[in-house]
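Have a look at data.tsv; it's TSV, C-alpha atoms:
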```
chain	number	residue	atom	x	y	z
A	1	MET	CA	15.19	-171.61	28.44
A	2	LYS	CA	15.97	-168.29	26.92
A	3	THR	CA	14.95	-166.56	30.16
A	4	ILE	CA	17.26	-168.76	32.17
A	5	ARG	CA	20.13	-168.05	29.82
A	6	THR	CA	19.44	-164.30	29.99
A	7	ARG	CA	19.29	-164.41	33.76
A	8	PHE	CA	22.53	-166.38	33.85
A	9	MET	CA	24.19	-163.82	31.57
A	10	VAL	CA	22.93	-160.95	33.71
A	11	LEU	CA	24.23	-162.68	36.83
A	12	LEU	CA	27.58	-163.38	35.19
A	13	SER	CA	27.85	-159.75	34.04
A	14	ALA	CA	26.98	-158.55	37.54
A	15	LEU	CA	29.63	-160.82	39.03
A	16	PHE	CA	32.15	-159.54	36.50
A	17	VAL	CA	31.31	-155.92	37.37
A	18	VAL	CA	31.55	-156.63	41.11
A	19	SER	CA	34.89	-158.38	40.76
A	20	ALA	CA	36.20	-155.64	38.46
A	21	VAL	CA	35.23	-152.98	41.00
A	22	TYR	CA	36.84	-155.03	43.75
A	23	ALA	CA	40.00	-155.46	41.73
A	24	GLY	CA	40.09	-151.76	40.93
A	25	LYS	CA	39.62	-150.70	44.53
A	26	PRO	CA	42.93	-149.50	45.92
A	27	MET	CA	44.24	-151.60	48.75
A	28	VAL	CA	46.77	-149.03	49.86
A	29	LYS	CA	47.46	-145.36	49.42
A	30	VAL	CA	51.09	-144.24	49.01
A	31	GLU	CA	51.99	-140.77	50.25
A	32	GLY	CA	55.24	-139.01	49.35
A	33	GLY	CA	56.54	-141.90	47.27
A	34	TRP	CA	59.85	-141.47	45.42
A	35	VAL	CA	62.74	-143.47	44.00
A	36	ARG	CA	66.27	-142.16	44.33
A	37	GLU	CA	67.92	-141.18	41.06
A	38	ALA	CA	70.57	-143.75	40.19
A	39	PRO	CA	74.17	-142.73	40.76
A	40	PRO	CA	76.28	-144.01	37.82
A	41	GLY	CA	76.94	-147.72	38.10
A	42	ALA	CA	74.48	-148.17	40.95
A	43	MET	CA	73.30	-151.75	40.97
A	44	ALA	CA	70.59	-151.21	43.55
A	45	LEU	CA	68.27	-148.34	44.36
A	46	ALA	CA	65.68	-147.72	47.00
A	47	ALA	CA	62.09	-146.50	46.85
A	48	TYR	CA	60.56	-144.65	49.75
A	49	GLY	CA	57.12	-143.41	50.82
A	50	LYS	CA	54.36	-143.97	53.34
A	51	VAL	CA	52.11	-146.93	52.50
A	52	ILE	CA	48.69	-146.71	54.17
A	53	ASN	CA	46.20	-149.58	54.23
A	54	VAL	CA	42.88	-148.26	52.92
A	55	SER	CA	41.38	-151.65	52.08
A	56	GLY	CA	39.31	-151.90	55.25
A	57	LYS	CA	40.90	-155.25	56.07
A	58	VAL	CA	44.21	-156.55	57.35
A	59	LEU	CA	46.83	-156.79	54.61
A	60	GLN	CA	50.10	-158.64	54.38
A	61	LEU	CA	52.61	-156.98	52.05
A	62	THR	CA	54.67	-159.87	50.78
A	63	GLY	CA	56.84	-158.42	48.04
A	64	VAL	CA	57.40	-155.95	45.25
A	65	GLU	CA	58.05	-156.13	41.51
A	66	CYS	CA	59.05	-153.51	39.00
A	67	ASP	CA	59.53	-153.96	35.25
A	68	GLU	CA	62.46	-151.54	35.30
A	69	PHE	CA	64.45	-153.78	37.65
A	70	GLY	CA	65.48	-157.39	37.69
A	71	MET	CA	64.47	-157.87	41.30
A	72	GLY	CA	62.64	-156.05	44.09
A	73	MET	CA	62.58	-156.76	47.82
A	74	ILE	CA	61.37	-155.18	51.02
A	75	HIS	CA	64.42	-154.40	53.10
A	76	GLU	CA	65.21	-152.68	56.33
A	77	THR	CA	68.50	-151.05	57.24
A	78	VAL	CA	69.20	-152.27	60.74
A	79	VAL	CA	71.88	-150.55	62.82
A	80	LYS	CA	73.43	-152.75	65.49
A	81	ASP	CA	76.53	-151.76	67.45
A	82	GLY	CA	77.02	-148.89	65.00
A	83	MET	CA	77.07	-151.18	61.98
A	84	SER	CA	74.38	-151.02	59.29
A	85	SER	CA	73.12	-154.22	57.75
A	86	MET	CA	70.17	-155.24	55.60
A	87	HIS	CA	67.25	-157.28	56.79
A	88	HIS	CA	64.94	-158.84	54.18
A	89	HIS	CA	61.23	-158.74	55.07
A	90	THR	CA	59.08	-161.40	53.43
A	91	GLY	CA	55.80	-160.31	55.00
A	92	MET	CA	54.68	-157.06	56.54
A	93	MET	CA	51.37	-156.93	58.37
A	94	LEU	CA	49.32	-153.79	57.76
A	95	THR	CA	46.36	-153.47	60.12
A	96	ARG	CA	43.17	-151.74	58.89
A	97	GLY	CA	44.20	-148.13	58.41
A	98	GLY	CA	47.74	-149.11	59.45
A	99	LYS	CA	50.79	-147.76	57.70
A	100	VAL	CA	54.43	-148.51	57.07
A	101	GLU	CA	56.89	-145.75	56.29
A	102	PHE	CA	59.71	-146.50	53.90
A	103	LYS	CA	62.41	-143.89	54.49
A	104	PRO	CA	66.17	-143.44	54.05
A	105	GLY	CA	68.12	-145.33	56.68
A	106	GLY	CA	65.14	-147.52	57.62
A	107	MET	CA	62.55	-149.60	55.79
A	108	HIS	CA	62.92	-149.34	52.03
A	109	ILE	CA	61.80	-150.97	48.81
A	110	MET	CA	65.05	-152.26	47.41
A	111	LEU	CA	65.21	-152.39	43.62
A	112	MET	CA	68.10	-154.35	42.13
A	113	LYS	CA	69.56	-154.79	38.66
A	114	PRO	CA	68.20	-151.68	36.92
A	115	LYS	CA	67.41	-152.25	33.23
A	116	ARG	CA	68.00	-148.60	32.34
A	117	LYS	CA	69.50	-145.55	34.00
A	118	LEU	CA	66.77	-143.70	35.84
A	119	LYS	CA	66.95	-139.92	35.98
A	120	ALA	CA	65.10	-137.36	38.05
A	121	GLY	CA	61.78	-136.67	36.32
A	122	ASP	CA	61.28	-140.31	35.25
A	123	GLU	CA	58.58	-142.44	36.77
A	124	VAL	CA	58.61	-146.10	37.72
A	125	VAL	CA	55.65	-148.32	38.40
A	126	ILE	CA	56.14	-150.61	41.37
A	127	ARG	CA	53.70	-153.45	41.95
A	128	LEU	CA	53.05	-154.00	45.63
A	129	GLN	CA	52.13	-157.62	46.21
A	130	PHE	CA	49.83	-158.79	48.98
A	131	MET	CA	49.01	-162.16	50.43
A	132	GLY	CA	46.20	-163.84	48.47
A	133	GLY	CA	47.68	-162.97	45.11
A	134	HIS	CA	46.48	-159.37	45.08
A	135	GLU	CA	48.71	-156.62	43.84
A	136	GLN	CA	48.51	-152.90	43.28
A	137	ALA	CA	50.58	-150.85	40.87
A	138	VAL	CA	51.84	-147.55	42.26
A	139	THR	CA	53.71	-144.89	40.28
A	140	PHE	CA	56.81	-143.47	41.99
A	141	PRO	CA	58.59	-140.37	40.65
A	142	VAL	CA	62.38	-140.53	40.37
A	143	GLU	CA	64.01	-137.74	42.36
A	144	LYS	CA	67.47	-136.58	43.25
A	145	LYS	CA	67.32	-135.62	46.90
B	1	MET	CA	76.61	-115.78	127.43
B	2	ASN	CA	74.21	-114.66	124.79
B	3	THR	CA	77.02	-112.84	123.07
B	4	LEU	CA	79.20	-115.98	123.25
B	5	SER	CA	76.41	-118.14	121.79
B	6	GLY	CA	75.92	-115.57	119.06
B	7	LYS	CA	79.64	-115.68	118.21
B	8	ILE	CA	79.65	-119.49	118.17
B	9	LEU	CA	76.57	-119.48	115.96
B	10	LEU	CA	78.17	-116.91	113.67
B	11	ALA	CA	81.39	-118.94	113.51
B	12	ALA	CA	79.41	-122.11	112.77
B	13	VAL	CA	77.47	-120.40	109.99
B	14	ALA	CA	80.74	-118.99	108.57
B	15	LEU	CA	82.37	-122.42	108.72
B	16	LEU	CA	79.35	-123.99	107.06
B	17	ALA	CA	79.38	-121.32	104.33
B	18	LEU	CA	83.13	-121.92	103.80
B	19	LEU	CA	82.63	-125.69	103.54
B	20	LEU	CA	79.67	-125.18	101.22
B	21	GLY	CA	81.70	-122.80	99.08
B	22	LEU	CA	84.60	-125.26	98.92
B	23	TRP	CA	82.25	-128.10	98.06
B	24	VAL	CA	80.52	-126.14	95.31
B	25	GLY	CA	83.68	-124.55	93.97
B	26	TRP	CA	85.86	-127.64	94.22
B	27	GLU	CA	86.90	-129.09	90.93
B	28	LYS	CA	88.77	-132.32	90.74
B	29	PRO	CA	92.13	-131.94	89.03
B	30	VAL	CA	91.45	-132.68	85.36
B	31	SER	CA	94.04	-134.87	83.76
B	32	GLU	CA	92.04	-135.23	80.52
B	33	PRO	CA	89.96	-132.49	79.02
B	34	PRO	CA	86.37	-133.66	78.64
B	35	LEU	CA	84.99	-134.91	75.34
B	36	MET	CA	83.15	-132.28	73.40
B	37	GLN	CA	79.98	-133.97	72.37
B	38	ASP	CA	76.91	-132.70	70.61
B	39	ARG	CA	73.93	-134.34	68.94
B	40	PHE	CA	75.99	-136.31	66.44
B	41	MET	CA	79.61	-135.18	66.64
B	42	THR	CA	82.06	-136.35	69.29
B	43	LEU	CA	85.28	-134.37	69.32
B	44	PHE	CA	88.13	-136.25	70.99
B	45	PRO	CA	90.25	-134.62	73.71
B	46	HIS	CA	93.44	-135.48	71.84
B	47	ALA	CA	94.07	-135.77	68.14
B	48	LYS	CA	95.39	-139.20	67.13
B	49	PRO	CA	97.96	-138.95	64.33
B	50	LEU	CA	97.41	-141.63	61.69
B	51	VAL	CA	100.24	-144.01	60.93
B	52	PRO	CA	101.14	-144.54	57.27
B	53	PHE	CA	98.74	-146.47	55.04
B	54	THR	CA	98.41	-146.77	51.28
B	55	LEU	CA	95.15	-147.01	49.37
B	56	GLU	CA	94.30	-146.65	45.67
B	57	ARG	CA	92.71	-143.44	44.53
B	58	ALA	CA	89.80	-144.00	42.13
B	59	GLY	CA	90.87	-142.74	38.73
B	60	GLY	CA	94.56	-143.43	39.39
B	61	GLY	CA	97.33	-142.87	41.89
B	62	THR	CA	97.66	-143.67	45.53
B	63	PHE	CA	95.97	-142.25	48.58
B	64	THR	CA	98.07	-142.18	51.74
B	65	ALA	CA	98.16	-140.52	55.15
B	66	GLU	CA	100.03	-137.67	53.42
B	67	SER	CA	97.04	-137.24	51.09
B	68	LEU	CA	94.91	-136.44	54.14
B	69	LYS	CA	97.00	-133.41	55.00
B	70	GLY	CA	96.09	-129.83	54.16
B	71	LYS	CA	92.33	-130.16	54.61
B	72	ILE	CA	89.82	-131.47	57.10
B	73	ASP	CA	88.79	-134.86	55.78
B	74	ILE	CA	85.39	-136.41	56.29
B	75	VAL	CA	85.90	-140.14	55.71
B	76	PHE	CA	82.96	-142.44	55.01
B	77	PHE	CA	83.16	-146.21	54.47
B	78	GLY	CA	80.70	-147.91	52.13
B	79	TYR	CA	80.27	-149.55	48.71
B	80	THR	CA	78.68	-148.53	45.43
B	81	ALA	CA	76.15	-151.38	45.36
B	82	CYS	CA	74.69	-150.06	48.63
B	83	PRO	CA	71.03	-149.12	48.05
B	84	ASP	CA	70.18	-147.04	51.10
B	85	VAL	CA	72.79	-145.88	53.63
B	86	CYS	CA	75.58	-144.90	51.20
B	87	PRO	CA	73.56	-142.86	48.67
B	88	THR	CA	71.57	-141.29	51.52
B	89	THR	CA	74.74	-140.22	53.35
B	90	LEU	CA	76.59	-139.13	50.21
B	91	GLN	CA	73.58	-137.10	49.07
B	92	MET	CA	73.47	-135.44	52.51
B	93	LEU	CA	77.23	-134.74	52.30
B	94	SER	CA	76.71	-133.36	48.81
B	95	GLN	CA	74.08	-130.91	50.08
B	96	ALA	CA	76.26	-129.90	53.05
B	97	TYR	CA	79.25	-129.42	50.75
B	98	ALA	CA	77.13	-127.30	48.37
B	99	GLN	CA	76.21	-125.08	51.32
B	100	LEU	CA	79.92	-124.59	52.10
B	101	ARG	CA	80.57	-123.85	48.42
B	102	LYS	CA	77.99	-121.05	48.52
B	103	GLN	CA	80.01	-119.52	51.35
B	104	GLY	CA	83.29	-120.12	49.50
B	105	LYS	CA	84.42	-122.50	52.27
B	106	GLU	CA	84.35	-125.84	50.48
B	107	LYS	CA	88.15	-125.89	50.02
B	108	ASP	CA	88.54	-126.36	53.80
B	109	ILE	CA	86.87	-129.77	53.65
B	110	ARG	CA	87.48	-132.94	51.63
B	111	ILE	CA	84.95	-135.77	51.42
B	112	VAL	CA	86.58	-139.20	51.09
B	113	PHE	CA	84.50	-142.28	50.28
B	114	VAL	CA	86.38	-145.50	51.08
B	115	SER	CA	84.86	-148.51	49.31
B	116	VAL	CA	85.23	-151.60	51.49
B	117	ASP	CA	84.08	-153.72	48.54
B	118	PRO	CA	87.08	-153.86	46.18
B	119	GLY	CA	85.59	-156.98	44.57
B	120	ARG	CA	83.02	-154.78	42.85
B	121	ASP	CA	84.48	-151.28	43.21
B	122	ARG	CA	88.15	-151.59	42.18
B	123	THR	CA	87.20	-150.09	38.82
B	124	ASP	CA	86.50	-146.72	37.23
B	125	ARG	CA	82.97	-147.06	38.50
B	126	LEU	CA	84.05	-145.81	41.94
B	127	LYS	CA	85.27	-142.51	40.51
B	128	THR	CA	82.11	-141.81	38.50
B	129	TYR	CA	79.99	-142.90	41.46
B	130	VAL	CA	81.52	-140.48	43.98
B	131	GLU	CA	81.81	-137.64	41.46
B	132	TYR	CA	78.08	-137.96	40.74
B	133	PHE	CA	77.51	-136.62	44.26
B	134	ASP	CA	80.12	-133.89	43.84
B	135	LYS	CA	83.00	-133.49	41.43
B	136	ASP	CA	85.32	-132.76	44.39
B	137	PHE	CA	84.52	-135.98	46.28
B	138	VAL	CA	87.34	-138.52	46.38
B	139	GLY	CA	86.88	-142.27	46.03
B	140	VAL	CA	89.47	-144.70	47.38
B	141	THR	CA	89.76	-148.43	47.83
B	142	GLY	CA	92.43	-151.12	47.89
B	143	ASP	CA	92.87	-154.73	48.85
B	144	ALA	CA	91.45	-156.02	52.10
B	145	ASP	CA	94.65	-155.38	54.10
B	146	GLN	CA	95.06	-151.86	52.73
B	147	ILE	CA	91.48	-150.94	53.66
B	148	ALA	CA	91.89	-152.47	57.11
B	149	ALA	CA	95.07	-150.44	57.69
B	150	LEU	CA	93.03	-147.22	57.63
B	151	ALA	CA	89.75	-148.58	59.02
B	152	LYS	CA	91.42	-150.00	62.15
B	153	GLN	CA	92.97	-146.65	62.99
B	154	LEU	CA	89.56	-144.98	62.84
B	155	GLY	CA	87.65	-147.83	64.49
B	156	ALA	CA	85.50	-148.21	61.37
B	157	ALA	CA	83.62	-151.53	61.40
B	158	TYR	CA	82.60	-153.37	58.23
B	159	GLU	CA	82.22	-156.90	56.92
B	160	VAL	CA	82.07	-158.03	53.31
B	161	LEU	CA	79.92	-161.16	53.25
B	162	ASP	CA	81.07	-162.38	49.84
B	163	LYS	CA	80.67	-165.99	50.98
B	164	GLN	CA	76.91	-165.31	51.02
B	165	ARG	CA	76.85	-164.74	47.28
B	166	ASN	CA	73.44	-165.33	45.68
B	167	ALA	CA	72.74	-166.82	42.25
B	168	ALA	CA	73.12	-163.39	40.64
B	169	GLY	CA	76.56	-162.98	42.23
B	170	ASP	CA	75.46	-160.31	44.71
B	171	TYR	CA	76.46	-160.34	48.33
B	172	PRO	CA	75.72	-158.15	51.35
B	173	VAL	CA	78.16	-155.74	52.91
B	174	ASN	CA	77.63	-154.48	56.43
B	175	HIS	CA	79.34	-151.27	57.39
B	176	THR	CA	79.35	-148.40	59.84
B	177	GLY	CA	77.31	-145.37	58.85
B	178	ALA	CA	79.59	-143.02	60.84
B	179	LEU	CA	81.68	-140.18	59.42
B	180	PHE	CA	85.29	-140.02	60.62
B	181	VAL	CA	86.96	-136.62	60.86
B	182	VAL	CA	90.69	-136.28	60.19
B	183	ASN	CA	92.31	-132.87	60.66
B	184	SER	CA	94.66	-131.14	58.25
B	185	ASN	CA	97.66	-132.76	59.97
B	186	ALA	CA	96.28	-136.23	59.19
B	187	ALA	CA	95.22	-136.85	62.79
B	188	TYR	CA	91.89	-138.41	63.77
B	189	ILE	CA	89.95	-135.82	65.79
B	190	ALA	CA	86.22	-136.60	65.77
B	191	VAL	CA	83.44	-138.96	64.77
B	192	MET	CA	79.91	-138.20	63.63
B	193	THR	CA	77.09	-140.70	63.92
B	194	PRO	CA	73.83	-140.80	61.93
B	195	PRO	CA	71.10	-139.75	61.40
B	196	PHE	CA	72.55	-136.74	59.59
B	197	GLU	CA	71.01	-133.58	58.23
B	198	ALA	CA	72.72	-131.41	55.60
B	199	GLY	CA	72.46	-128.07	57.43
B	200	ALA	CA	73.76	-129.58	60.67
B	201	LEU	CA	76.65	-131.23	58.83
B	202	ALA	CA	77.60	-127.96	57.14
B	203	SER	CA	77.62	-126.15	60.50
B	204	ARG	CA	79.83	-128.86	62.06
B	205	PHE	CA	82.23	-128.63	59.12
B	206	ALA	CA	82.49	-124.86	59.66
B	207	LEU	CA	83.00	-125.43	63.41
B	208	LEU	CA	85.75	-127.98	62.75
B	209	LYS	CA	87.55	-125.42	60.62
B	210	GLN	CA	87.28	-122.82	63.39
B	211	LEU	CA	88.64	-125.31	65.94
B	212	GLU	CA	91.51	-126.31	63.67
B	213	GLY	CA	94.74	-125.73	65.55
B	214	LYS	CA	92.97	-125.36	68.90
B	215	VAL	CA	92.52	-129.07	69.54
B	216	ARG	CA	95.65	-131.05	70.22
```

Let me see whether you can do it: turn the structure in this file into structure tokens.
Amino acid sequence: MKTIRTRFMVLLSALFVVSAVYAGKPMVKVEGGWVREAPPGAMALAAYGKVINVSGKVLQLTGVECDEFGMGMIHETVVKDGMSSMHHHTGMMLTRGGKVEFKPGGMHIMLMKPKRKLKAGDEVVIRLQFMGGHEQAVTFPVEKK
Amino acid sequence: MNTLSGKILLAAVALLALLLGLWVGWEKPVSEPPLMQDRFMTLFPHAKPLVPFTLERAGGGTFTAESLKGKIDIVFFGYTACPDVCPTTLQMLSQAYAQLRKQGKEKDIRIVFVSVDPGRDRTDRLKTYVEYFDKDFVGVTGDADQIAALAKQLGAAYEVLDKQRNAAGDYPVNHTGALFVVNSNAAYIAVMTPPFEAGALASRFALLKQLEGKVR
């Protein structure tokens, strides 16, 4: 009986370790990430950077969250007939090794309702959310550029 | 006979050369000078004087067609709640303007940010917002008709979708990302279309100053 219990505990521990490693494994790598320093009174900011899928499987980026902001969304500035408008993306497919570049005037992580004024030199942690309930926290430096 | 053939041949060649020369050298009478166009700036053949309009200057006072005189104005339409296009463009303008300042040429140019979103920007916030990018930048707004009175003259498109207000009270605003150039006589002379780059903007600003007075 004791042996069975020990074996069960070992198995449970092993499962815990495996799942912990899996959870700790980065799903994406973010290169050149940054958040624009907030102009006074700005109610929305944008985060930029290149998000690369390193998970070895297809990922669906479904949303973003950040404790520093009331709301986060994946947006794209779309220019049609010379007029810029915002398009809200609710799911972005990232193939294995695939990437999406968030850059000024294009795709961006829109962060609304800032809870404090962010200055160059600060850092914000943005949680990238993926289909299946997975998420990964990524630190973005605040820059004025 | 041979001599005659030779002369005919010579005459034919001469005629052909003349026709070819006329064809190559012929220029159709030009009634309109051509547009001067580069990668992102289109300079119009004729300056279009602006008719009177009245807007509110952020921080107090009015901003009229008269206010546009004396400097080359770079007019940009946007709103302070804009997360991407407006801060990106204003930051680029700020860098270009800083380059002019280093050369002592910033007084030739004035950057004017017209908020098309008076519902949120008809406050002191507009002044602090534009001055964050540069203390010399000017913020203006007004009611819908006042904004339209300037925007229509420049062909600046925008739409404030305040009927699409979400639970938090936010609403989208679509707007042109172009920069409109008004000369020191308050006449519309050029348009610049994105994507922009600070160095290229600074060089166009310097070029506009050099052309001042030469384009009518």

ask   = Which neighbours of Phe140 of chain A fall inside 7 Å, counting all atoms listed in the file, when residues of the same chain fewer than 2 positions from it are skipped, and could you give them as a PyMOL selection string?
value = chain A and resi 33-35+123-125+138+142

task = Using atom CA of Phe137 of chain B and atom CA of Phe53 of chain B as the two end points, give the distance in Å to one decimal.
result =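 Result for atom CA of Phe137 of chain B versus atom CA of Phe53 of chain B: 19.7 Å, one decimal.
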
ask   = Mind pulling up the distance from atom CA of Thr77 of chain A to atom CA of Arg127 of chain A?
value =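 Atom CA of Arg127 of chain A sits 21.4 Å away from atom CA of Thr77 of chain A.
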
Mind dumping a table of every chain A residue within 7 Å of chain B, with the nearest atom pair and its distance in Å to one decimal, using all atoms listed in the file, sorted by chain and rising number, as a Markdown table?
```
| residue | atom | partner | partner_atom | distance |
| --- | --- | --- | --- | --- |
| A:Pro39 | CA | B:Tyr129 | CA | 5.9 |
| A:Pro40 | CA | B:Tyr129 | CA | 5.3 |
| A:Gly41 | CA | B:Arg125 | CA | 6.1 |
| A:Ala42 | CA | B:Ala81 | CA | 5.7 |
| A:Met43 | CA | B:Ala81 | CA | 5.2 |
| A:Ala44 | CA | B:Pro83 | CA | 5.0 |
| A:Leu45 | CA | B:Pro83 | CA | 4.7 |
| A:Ala46 | CA | B:Pro83 | CA | 5.6 |
| A:Gly82 | CA | B:Thr176 | CA | 5.7 |
| A:Met83 | CA | B:Thr176 | CA | 4.2 |
| A:Ser84 | CA | B:His175 | CA | 5.3 |
| A:Ser85 | CA | B:Asn174 | CA | 4.7 |
| A:Pro104 | CA | B:Asp84 | CA | 6.1 |
| A:Gly105 | CA | B:Val85 | CA | 5.6 |
| A:Met110 | CA | B:Pro83 | CA | 6.8 |
| A:Lys145 | CA | B:Gln91 | CA | 6.8 |
```

ask   = What is the distance, in Å and to one decimal place, between atom CA of Gln99 of chain B and atom CA of Ile111 of chain B?
value =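 Answer for the atom CA of Gln99 of chain B to atom CA of Ile111 of chain B separation: 13.8 Å.
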
message = Is it possible to get the residues within 9 Å of (47.3, -159.0, 49.2) (coordinates as in the file, counting only C-alpha atoms) written as a PyMOL selection string?
response = chain A and resi 27+59-62+128-136

May I have the centre and edge lengths, in Å to one decimal, of an axis-aligned box around the listed atoms of segment 34-46 of chain A with 4 Å added to every side, as JSON?
```
{"center_x": 68.4, "center_y": -146.5, "center_z": 42.4, "size_x": 25.1, "size_y": 18.6, "size_z": 17.2}
```

message = Using only C-alpha atoms, which protein or nucleic acid residues come within 10 Å of Ala47 of chain B? Drop anything in the same chain fewer than 6 positions from it, and give the result as an NGL selection string.
response = :B and (182-183 or 185-190 or 215-216)

Take the residues that were just selected and, keeping C-alpha atoms, output them as a tab-separated table (two decimals), in the frame of the given file.
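See part_3.tsv below for the written result:
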```tsv
chain	number	residue	atom	x	y	z
B	182	VAL	CA	90.69	-136.28	60.19
B	183	ASN	CA	92.31	-132.87	60.66
B	185	ASN	CA	97.66	-132.76	59.97
B	186	ALA	CA	96.28	-136.23	59.19
B	187	ALA	CA	95.22	-136.85	62.79
B	188	TYR	CA	91.89	-138.41	63.77
B	189	ILE	CA	89.95	-135.82	65.79
B	190	ALA	CA	86.22	-136.60	65.77
B	215	VAL	CA	92.52	-129.07	69.54
B	216	ARG	CA	95.65	-131.05	70.22
```

query = Pick from A:Gly49, A:Lys29, A:Gly56, A:Asp81: nearest to Lys103 of chain A, with all atoms listed in the file counted?
reply =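 Closest residue, counting all atoms listed in the file: A:Gly49.
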
Nearest to Leu111 of chain A, chosen from A:Val51, A:Ile126, A:Val78, A:Val28, with all atoms listed in the file counted in the distances =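 Among A:Val51, A:Ile126, A:Val78, A:Val28, it is A:Ile126 that comes nearest to Leu111 of chain A.
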
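Distance check against Ala200 of chain B using only C-alpha atoms: of B:Ile8, B:Val13, B:Ala65, B:Leu93, the minimum falls on B:Leu93.
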